[in-house]
file target-v1.cif (mmCIF, C-alpha atoms, pLDDT in the B column; chains and numbers go by the auth columns)
data_data
#
loop_
_atom_site.group_PDB
_atom_site.id
_atom_site.type_symbol
_atom_site.label_atom_id
_atom_site.label_comp_id
_atom_site.label_asym_id
_atom_site.label_seq_id
_atom_site.Cartn_x
_atom_site.Cartn_y
_atom_site.Cartn_z
_atom_site.B_iso_or_equiv
_atom_site.auth_seq_id
_atom_site.auth_asym_id
ATOM 1 C CA ALA A 1 233.642 32.733 -27.501 89.00 1 G
ATOM 2 C CA ALA A 2 230.855 32.133 -25.027 90.00 2 G
ATOM 3 C CA GLU A 3 228.287 33.030 -27.667 93.00 3 G
ATOM 4 C CA LEU A 4 229.883 30.648 -30.185 93.00 4 G
ATOM 5 C CA ILE A 5 229.860 27.846 -27.615 93.00 5 G
ATOM 6 C CA ALA A 6 226.257 28.649 -26.698 94.00 6 G
ATOM 7 C CA ALA A 7 225.396 28.473 -30.422 95.00 7 G
ATOM 8 C CA GLY A 8 226.821 24.946 -30.641 95.00 8 G
ATOM 9 C CA ARG A 9 230.553 25.268 -31.314 94.00 9 G
ATOM 10 C CA LYS A 10 232.653 22.900 -29.218 96.00 10 G
ATOM 11 C CA PRO A 11 234.716 24.451 -26.368 96.00 11 G
ATOM 12 C CA GLU A 12 237.759 22.419 -27.519 96.00 12 G
ATOM 13 C CA GLU A 13 237.602 23.855 -31.052 96.00 13 G
ATOM 14 C CA PRO A 14 241.025 25.298 -31.966 95.00 14 G
ATOM 15 C CA VAL A 15 241.559 29.045 -32.131 94.00 15 G
ATOM 16 C CA ALA A 16 244.646 30.984 -33.263 92.00 16 G
ATOM 17 C CA LEU A 17 245.296 34.598 -32.321 91.00 17 G
ATOM 18 C CA ILE A 18 247.827 36.196 -34.672 88.00 18 G
ATOM 19 C CA SER A 19 248.918 39.709 -33.741 86.00 19 G
ATOM 20 C CA ASP A 20 251.284 41.965 -35.653 83.00 20 G
ATOM 21 C CA ALA A 21 251.080 39.546 -38.581 81.00 21 G
ATOM 22 C CA THR A 22 253.837 39.777 -41.206 78.00 22 G
ATOM 23 C CA THR A 23 256.126 41.769 -38.899 80.00 23 G
ATOM 24 C CA ALA A 24 259.134 40.770 -36.844 79.00 24 G
ATOM 25 C CA GLU A 25 256.932 41.197 -33.743 80.00 25 G
ATOM 26 C CA GLN A 26 254.341 38.640 -34.935 82.00 26 G
ATOM 27 C CA GLN A 27 252.849 36.548 -32.155 82.00 27 G
ATOM 28 C CA CYS A 28 250.695 33.482 -32.621 85.00 28 G
ATOM 29 C CA ARG A 29 248.875 31.895 -29.732 88.00 29 G
ATOM 30 C CA VAL A 30 246.997 28.665 -30.330 91.00 30 G
ATOM 31 C CA THR A 31 244.287 27.810 -27.845 93.00 31 G
ATOM 32 C CA THR A 32 240.665 26.658 -27.781 95.00 32 G
ATOM 33 C CA LEU A 33 237.361 28.493 -27.719 95.00 33 G
ATOM 34 C CA ALA A 34 237.225 27.775 -23.988 96.00 34 G
ATOM 35 C CA GLY A 35 240.642 29.390 -23.440 95.00 35 G
ATOM 36 C CA VAL A 36 240.642 32.185 -25.987 93.00 36 G
ATOM 37 C CA ALA A 37 239.787 34.990 -23.542 91.00 37 G
ATOM 38 C CA ALA A 38 242.807 34.201 -21.359 91.00 38 G
ATOM 39 C CA ALA A 39 245.053 33.867 -24.430 89.00 39 G
ATOM 40 C CA ALA A 40 243.897 37.257 -25.727 86.00 40 G
ATOM 41 C CA ARG A 41 244.703 38.890 -22.390 86.00 41 G
ATOM 42 C CA ALA A 42 248.196 37.297 -22.494 84.00 42 G
ATOM 43 C CA LEU A 43 249.167 38.966 -25.788 81.00 43 G
ATOM 44 C CA SER A 44 252.027 41.321 -24.980 76.00 44 G
ATOM 45 C CA ALA A 45 251.074 43.960 -27.528 68.00 45 G
ATOM 46 C CA PRO A 46 247.333 44.173 -28.042 65.00 46 G
ATOM 47 C CA GLY A 47 247.019 45.514 -31.545 71.00 47 G
ATOM 48 C CA PRO A 48 245.449 44.358 -34.766 84.00 48 G
ATOM 49 C CA THR A 49 244.868 40.651 -34.295 87.00 49 G
ATOM 50 C CA LEU A 50 243.593 37.997 -36.669 90.00 50 G
ATOM 51 C CA ILE A 51 241.329 35.426 -35.077 92.00 51 G
ATOM 52 C CA VAL A 52 241.177 32.048 -36.802 93.00 52 G
ATOM 53 C CA ILE A 53 238.642 29.517 -35.551 95.00 53 G
ATOM 54 C CA GLY A 54 238.244 25.885 -36.520 93.00 54 G
ATOM 55 C CA PRO A 55 240.201 22.984 -38.004 91.00 55 G
ATOM 56 C CA VAL A 56 242.243 25.259 -40.273 90.00 56 G
ATOM 57 C CA VAL A 57 244.249 26.231 -37.174 90.00 57 G
ATOM 58 C CA ASN A 58 245.719 22.717 -37.211 86.00 58 G
ATOM 59 C CA LEU A 59 247.318 23.424 -40.608 85.00 59 G
ATOM 60 C CA ARG A 60 249.751 25.838 -38.959 79.00 60 G
ATOM 61 C CA ARG A 61 252.415 23.181 -38.451 75.00 61 G
ATOM 62 C CA THR A 62 251.954 21.892 -42.002 74.00 62 G
ATOM 63 C CA VAL A 63 252.614 25.276 -43.594 71.00 63 G
ATOM 64 C CA ALA A 64 255.220 26.492 -41.084 67.00 64 G
ATOM 65 C CA SER A 65 258.048 25.616 -43.467 65.00 65 G
ATOM 66 C CA LEU A 66 256.544 28.013 -45.995 64.00 66 G
ATOM 67 C CA GLN A 67 256.565 30.915 -43.574 62.00 67 G
ATOM 68 C CA GLN A 68 258.751 33.799 -44.602 58.00 68 G
ATOM 69 C CA VAL A 69 261.611 34.190 -42.150 57.00 69 G
ATOM 70 C CA ALA A 70 263.221 37.334 -43.576 55.00 70 G
ATOM 71 C CA PRO A 71 261.458 40.690 -43.647 56.00 71 G
ATOM 72 C CA PHE A 72 259.444 41.317 -46.781 56.00 72 G
ATOM 73 C CA VAL A 73 261.394 43.203 -49.430 57.00 73 G
ATOM 74 C CA PRO A 74 259.168 44.771 -52.073 59.00 74 G
ATOM 75 C CA VAL A 75 259.991 43.983 -55.676 57.00 75 G
ATOM 76 C CA PRO A 76 259.818 46.933 -58.073 59.00 76 G
ATOM 77 C CA ALA A 77 256.541 46.878 -59.949 57.00 77 G
ATOM 78 C CA LEU A 78 256.590 45.980 -63.610 56.00 78 G
ATOM 79 C CA ARG A 79 255.813 48.877 -65.901 58.00 79 G
ATOM 80 C CA ALA A 80 252.687 48.172 -67.864 57.00 80 G
ATOM 81 C CA LEU A 81 252.530 49.188 -71.488 57.00 81 G
ATOM 82 C CA PRO A 82 249.573 51.354 -72.390 59.00 82 G
ATOM 83 C CA LEU A 83 247.073 49.541 -74.591 59.00 83 G
ATOM 84 C CA SER A 84 247.718 52.136 -77.322 60.00 84 G
ATOM 85 C CA ALA A 85 251.352 50.947 -77.428 52.00 85 G
ATOM 86 C CA GLY A 86 250.302 47.392 -78.089 54.00 86 G
ATOM 87 C CA GLY A 87 250.242 46.227 -74.464 48.00 87 G
ATOM 88 C CA GLN A 88 247.999 43.187 -74.050 49.00 88 G
ATOM 89 C CA PHE A 89 247.005 40.769 -71.363 45.00 89 G
#
call {"tool": "encode", "arguments": {"input": "target-v1.cif", "output": "structure tokens"}}
result
Amino acid sequence: AAELIAAGRKPEEPVALISDATTAEQQCRVTTLAGVAAAARALSAPGPTLIVIGPVVNLRRTVASLQQVAPFVPVPALRALPLSAGGQF
């Protein structure tokens, strides 16, 4: 973060840290570039974490209603017909 700020990014620029994405243990911490180090240390389970920087972080509330609340249940894959059997796209 310090390097981004030194390169001209604003310290108040929003940052989201999303750990354990798509699982029941998902955590999302929204902070700023200035506060991202402390937020990263506060994650309870440091594992794979997505880091999102910039105005797109502010869209989180807009798309929250689209967030999946139940665990993902895979749908059986469709069986593709071989091209020799007349399967086409």
call {"tool": "resolve_selection", "arguments": {"input": "target-v1.cif", "expression": "the PyMOL selection byres ((chain G and resi 32-43) around 10)", "output": "PyMOL selection string"}}
result
chain G and resi 1-2+4-5+9-19+27-31+44-47+49+51+53-54
call {"tool": "atom_distance", "arguments": {"input": "target-v1.cif", "atom1": "atom CA of Leu59 of chain G", "atom2": "atom CA of Glu3 of chain G"}}
result
24.9 Å
call {"tool": "axis_aligned_box", "arguments": {"input": "target-v1.cif", "around": "segment 37-55 of chain G", "padding_each_side": "4 Å", "output": "AutoDock Vina command-line options"}}
result
--center_x 245.1 --center_y 34.2 --center_z -29.7 --size_x 21.8 --size_y 30.5 --size_z 24.6
call {"tool": "atom_distance", "arguments": {"input": "target-v1.cif", "atom1": "atom CA of Arg60 of chain G", "atom2": "atom CA of Gly8 of chain G"}}
result
24.4 Å
